Amino acid sequence: MVKISLQMKANLQNVTDVRATGEDFRWYIKVRCVNCGEESDSFVYACLMERTSMQGSRGDANLVIKCKLCSRVNNLEIIPDSIKPYKSGGSAFQSLVVFECRGIEITDFSPRSGFACVGEESGTKFEDVDLTEKEWCDYDEKAGDSVAIDELEFQFVRA
């Protein structure tokens, strides 16, 4: 089993604490089978609330996926206490979540809706931030200023 950290780097304007919201948040990822190298054509998702039983085992996982090429059944587990917000004030990559992978490696991440952030000066909560376009902007009425998230970059590193 390999632990992989999904890390993000972004330019935050007047916001902080960008985070995935709720246990029903869907992490959309592409995976590659470590047995044969076959990569998924489309994004699949893993969700903390969803558990799938593993065939031939008493266990379950957040994502169980069968390789189309070699038919190997692989799985992925989200480590619950690893989910952290991205804080402002730095230009370095910060970990958002750690996945425990068995038989697969993660090759890509697609941010979608379900993120949230907080106004840096006002404390205004912005819910359901959609990062599908890898940028987001709004207006913080309490602070009287625009807020934005852009220049999103993601990487995967062994945790």
# chains A, B, ... in the order shown; residues from 1 in each chain; ligands from 1
>>> residues_around(residues="segment 107-111 of chain A", least_positions_apart="4", cutoff="7 Å", atoms="only C-alpha atoms", output="PyMOL selection string")
chain A and resi 28-32+131-132
>>> residues_around(residues="Lys87 of chain A", least_positions_apart="4", cutoff="8 Å", atoms="only C-alpha atoms", output="MDAnalysis selection string")
chainID A and resid 16:18
>>> write_last_selection(atoms="all heavy atoms", output="mmCIF file, in the first residue's frame")
data_model
loop_
_atom_site.group_PDB
_atom_site.id
_atom_site.type_symbol
_atom_site.label_atom_id
_atom_site.label_comp_id
_atom_site.auth_asym_id
_atom_site.auth_seq_id
_atom_site.Cartn_x
_atom_site.Cartn_y
_atom_site.Cartn_z
ATOM 1 N N THR A 16 -8.937 32.750 2.410
ATOM 2 C CA THR A 16 -8.056 31.742 2.981
ATOM 3 C C THR A 16 -8.861 30.489 3.272
ATOM 4 O O THR A 16 -10.082 30.468 3.061
ATOM 5 C CB THR A 16 -7.338 32.265 4.255
ATOM 6 O OG1 THR A 16 -6.344 31.321 4.644
ATOM 7 C CG2 THR A 16 -8.314 32.516 5.381
ATOM 8 N N ASP A 17 -8.231 29.470 3.762
ATOM 9 C CA ASP A 17 -8.879 28.217 4.165
ATOM 10 C C ASP A 17 -9.752 27.595 3.073
ATOM 11 O O ASP A 17 -10.915 27.270 3.293
ATOM 12 C CB ASP A 17 -9.713 28.415 5.434
ATOM 13 C CG ASP A 17 -8.867 28.708 6.655
ATOM 14 O OD1 ASP A 17 -7.647 28.474 6.592
ATOM 15 O OD2 ASP A 17 -9.417 29.150 7.669
ATOM 16 N N VAL A 18 -9.185 27.405 1.885
ATOM 17 C CA VAL A 18 -9.889 26.716 0.801
ATOM 18 C C VAL A 18 -9.908 25.234 1.174
ATOM 19 O O VAL A 18 -8.868 24.635 1.407
ATOM 20 C CB VAL A 18 -9.187 26.917 -0.554
ATOM 21 C CG1 VAL A 18 -9.924 26.163 -1.653
ATOM 22 C CG2 VAL A 18 -9.081 28.396 -0.886
#
>>> select_by_dssp(residues="chain A", states="strand (DSSP E or B)", output="PDB file with C-alpha atoms, in the first residue's frame")
ATOM      1  CA  VAL A   2       1.211   3.464  -0.888  1.00  0.00           C
ATOM      2  CA  LYS A   3       0.069   6.722   0.657  1.00  0.00           C
ATOM      3  CA  ILE A   4      -0.292   9.533  -1.877  1.00  0.00           C
ATOM      4  CA  SER A   5      -0.866  13.158  -0.912  1.00  0.00           C
ATOM      5  CA  LEU A   6      -2.854  15.422  -3.233  1.00  0.00           C
ATOM      6  CA  GLN A   7      -1.237  18.851  -2.989  1.00  0.00           C
ATOM      7  CA  MET A   8      -2.459  22.196  -4.251  1.00  0.00           C
ATOM      8  CA  LYS A   9      -0.852  25.536  -4.972  1.00  0.00           C
ATOM      9  CA  ALA A  10      -2.998  28.568  -5.781  1.00  0.00           C
ATOM     10  CA  ASN A  11      -3.111  32.330  -5.881  1.00  0.00           C
ATOM     11  CA  LEU A  12      -5.641  33.433  -3.235  1.00  0.00           C
ATOM     12  CA  GLN A  13      -6.963  36.983  -3.314  1.00  0.00           C
ATOM     13  CA  VAL A  15      -9.579  34.560   0.953  1.00  0.00           C
ATOM     14  CA  THR A  16      -8.056  31.742   2.981  1.00  0.00           C
ATOM     15  CA  ASP A  17      -8.879  28.217   4.165  1.00  0.00           C
ATOM     16  CA  VAL A  18      -9.889  26.716   0.801  1.00  0.00           C
ATOM     17  CA  ARG A  19     -11.209  23.279   1.713  1.00  0.00           C
ATOM     18  CA  ALA A  20     -13.338  20.377   0.581  1.00  0.00           C
ATOM     19  CA  ARG A  26     -16.232  13.769  -4.278  1.00  0.00           C
ATOM     20  CA  TRP A  27     -12.528  13.616  -5.155  1.00  0.00           C
ATOM     21  CA  TYR A  28     -12.457  13.192  -8.972  1.00  0.00           C
ATOM     22  CA  ILE A  29      -9.278  11.391 -10.003  1.00  0.00           C
ATOM     23  CA  LYS A  30      -7.741   9.403 -12.838  1.00  0.00           C
ATOM     24  CA  VAL A  31      -5.915   6.230 -11.864  1.00  0.00           C
ATOM     25  CA  ARG A  32      -3.367   3.864 -13.397  1.00  0.00           C
ATOM     26  CA  CYS A  33      -3.095   0.145 -12.637  1.00  0.00           C
ATOM     27  CA  GLU A  39      -4.912   4.308 -17.192  1.00  0.00           C
ATOM     28  CA  VAL A  44     -13.697   8.334 -11.267  1.00  0.00           C
ATOM     29  CA  TYR A  45     -14.508   9.603  -7.810  1.00  0.00           C
ATOM     30  CA  ALA A  46     -13.811   8.583  -4.248  1.00  0.00           C
ATOM     31  CA  CYS A  47     -16.037   9.793  -1.441  1.00  0.00           C
ATOM     32  CA  THR A  52     -17.722  -0.500  -1.465  1.00  0.00           C
ATOM     33  CA  SER A  53     -17.050  -4.073  -0.404  1.00  0.00           C
ATOM     34  CA  ASP A  60     -14.283  -2.375   2.058  1.00  0.00           C
ATOM     35  CA  ALA A  61     -12.840   0.825   0.583  1.00  0.00           C
ATOM     36  CA  LEU A  63     -13.082   3.283  -4.226  1.00  0.00           C
ATOM     37  CA  VAL A  64     -12.880  -0.234  -5.657  1.00  0.00           C
ATOM     38  CA  ILE A  65     -12.018  -0.373  -9.342  1.00  0.00           C
ATOM     39  CA  LYS A  66     -11.348  -3.255 -11.706  1.00  0.00           C
ATOM     40  CA  VAL A  73      -9.298  -5.397  -8.603  1.00  0.00           C
ATOM     41  CA  ASN A  74      -7.618  -2.392  -6.975  1.00  0.00           C
ATOM     42  CA  ASN A  75      -8.774  -0.031  -4.257  1.00  0.00           C
ATOM     43  CA  LEU A  76      -8.245   3.337  -2.664  1.00  0.00           C
ATOM     44  CA  GLU A  77      -8.945   4.599   0.838  1.00  0.00           C
ATOM     45  CA  ILE A  78      -9.294   8.258   1.873  1.00  0.00           C
ATOM     46  CA  TYR A  86      -5.281  25.307   1.867  1.00  0.00           C
ATOM     47  CA  GLN A  94       0.076  22.283   0.586  1.00  0.00           C
ATOM     48  CA  SER A  95      -1.567  18.909   1.163  1.00  0.00           C
ATOM     49  CA  LEU A  96      -5.368  18.728   0.790  1.00  0.00           C
ATOM     50  CA  VAL A  97      -5.878  14.992   1.378  1.00  0.00           C
ATOM     51  CA  VAL A  98      -3.972  11.711   1.598  1.00  0.00           C
ATOM     52  CA  PHE A  99      -5.101   8.563  -0.210  1.00  0.00           C
ATOM     53  CA  GLU A 100      -3.991   5.034   0.635  1.00  0.00           C
ATOM     54  CA  CYS A 101      -3.659   3.235  -2.696  1.00  0.00           C
ATOM     55  CA  ARG A 102      -3.524  -0.520  -3.280  1.00  0.00           C
ATOM     56  CA  ILE A 104      -3.283   1.860  -8.373  1.00  0.00           C
ATOM     57  CA  GLU A 105      -1.537   5.200  -8.611  1.00  0.00           C
ATOM     58  CA  ILE A 106      -3.295   8.529  -9.087  1.00  0.00           C
ATOM     59  CA  THR A 107      -2.397  10.393 -12.275  1.00  0.00           C
ATOM     60  CA  ASP A 108      -4.745  13.396 -12.347  1.00  0.00           C
ATOM     61  CA  PHE A 109      -7.215  15.373 -10.218  1.00  0.00           C
ATOM     62  CA  SER A 110     -10.203  17.373 -11.426  1.00  0.00           C
ATOM     63  CA  PHE A 115     -15.172  23.645  -2.010  1.00  0.00           C
ATOM     64  CA  ALA A 116     -15.515  26.479   0.498  1.00  0.00           C
ATOM     65  CA  CYS A 117     -13.313  29.348   1.649  1.00  0.00           C
ATOM     66  CA  VAL A 118     -13.326  32.257   4.106  1.00  0.00           C
ATOM     67  CA  GLY A 119     -12.853  35.990   3.498  1.00  0.00           C
ATOM     68  CA  LYS A 125     -17.939  32.202   4.493  1.00  0.00           C
ATOM     69  CA  PHE A 126     -18.169  31.348   0.813  1.00  0.00           C
ATOM     70  CA  GLU A 127     -19.866  27.966   0.350  1.00  0.00           C
ATOM     71  CA  ASP A 128     -20.086  25.797  -2.777  1.00  0.00           C
ATOM     72  CA  VAL A 129     -17.035  27.277  -4.468  1.00  0.00           C
ATOM     73  CA  TRP A 136     -13.265  31.318  -9.004  1.00  0.00           C
ATOM     74  CA  CYS A 137     -14.199  34.884  -8.114  1.00  0.00           C
ATOM     75  CA  ASP A 138     -16.849  36.629  -6.048  1.00  0.00           C
ATOM     76  CA  TYR A 139     -17.431  39.811  -4.073  1.00  0.00           C
ATOM     77  CA  ASP A 140     -17.069  40.083  -0.287  1.00  0.00           C
ATOM     78  CA  ASP A 145     -13.528  43.875  -1.972  1.00  0.00           C
ATOM     79  CA  SER A 146     -13.335  41.223  -4.665  1.00  0.00           C
ATOM     80  CA  VAL A 147     -12.166  37.736  -3.758  1.00  0.00           C
ATOM     81  CA  ALA A 148     -10.646  35.138  -6.066  1.00  0.00           C
ATOM     82  CA  ILE A 149      -8.863  31.819  -6.387  1.00  0.00           C
ATOM     83  CA  ASP A 150      -6.781  31.275  -9.522  1.00  0.00           C
ATOM     84  CA  GLU A 151      -3.525  29.833 -10.886  1.00  0.00           C
ATOM     85  CA  LEU A 152      -4.465  26.420  -9.461  1.00  0.00           C
ATOM     86  CA  GLU A 153      -1.841  23.695  -9.679  1.00  0.00           C
ATOM     87  CA  PHE A 154      -1.993  20.151  -8.335  1.00  0.00           C
ATOM     88  CA  GLN A 155       0.615  17.471  -7.726  1.00  0.00           C
ATOM     89  CA  PHE A 156       0.801  14.049  -6.137  1.00  0.00           C
ATOM     90  CA  VAL A 157       3.597  13.094  -3.747  1.00  0.00           C
ATOM     91  CA  ARG A 158       4.237  10.046  -1.592  1.00  0.00           C
TER      92      ARG A 158
END
>>> atom_distance(atom1="atom CA of Thr124 of chain A", atom2="atom CA of Asn14 of chain A")
10.5 Å
>>> closest_residue(among="A:Asn35, A:Ser113, A:Ser122, A:Ser57", to="Glu135 of chain A", atoms="only C-alpha atoms")
A:Ser113
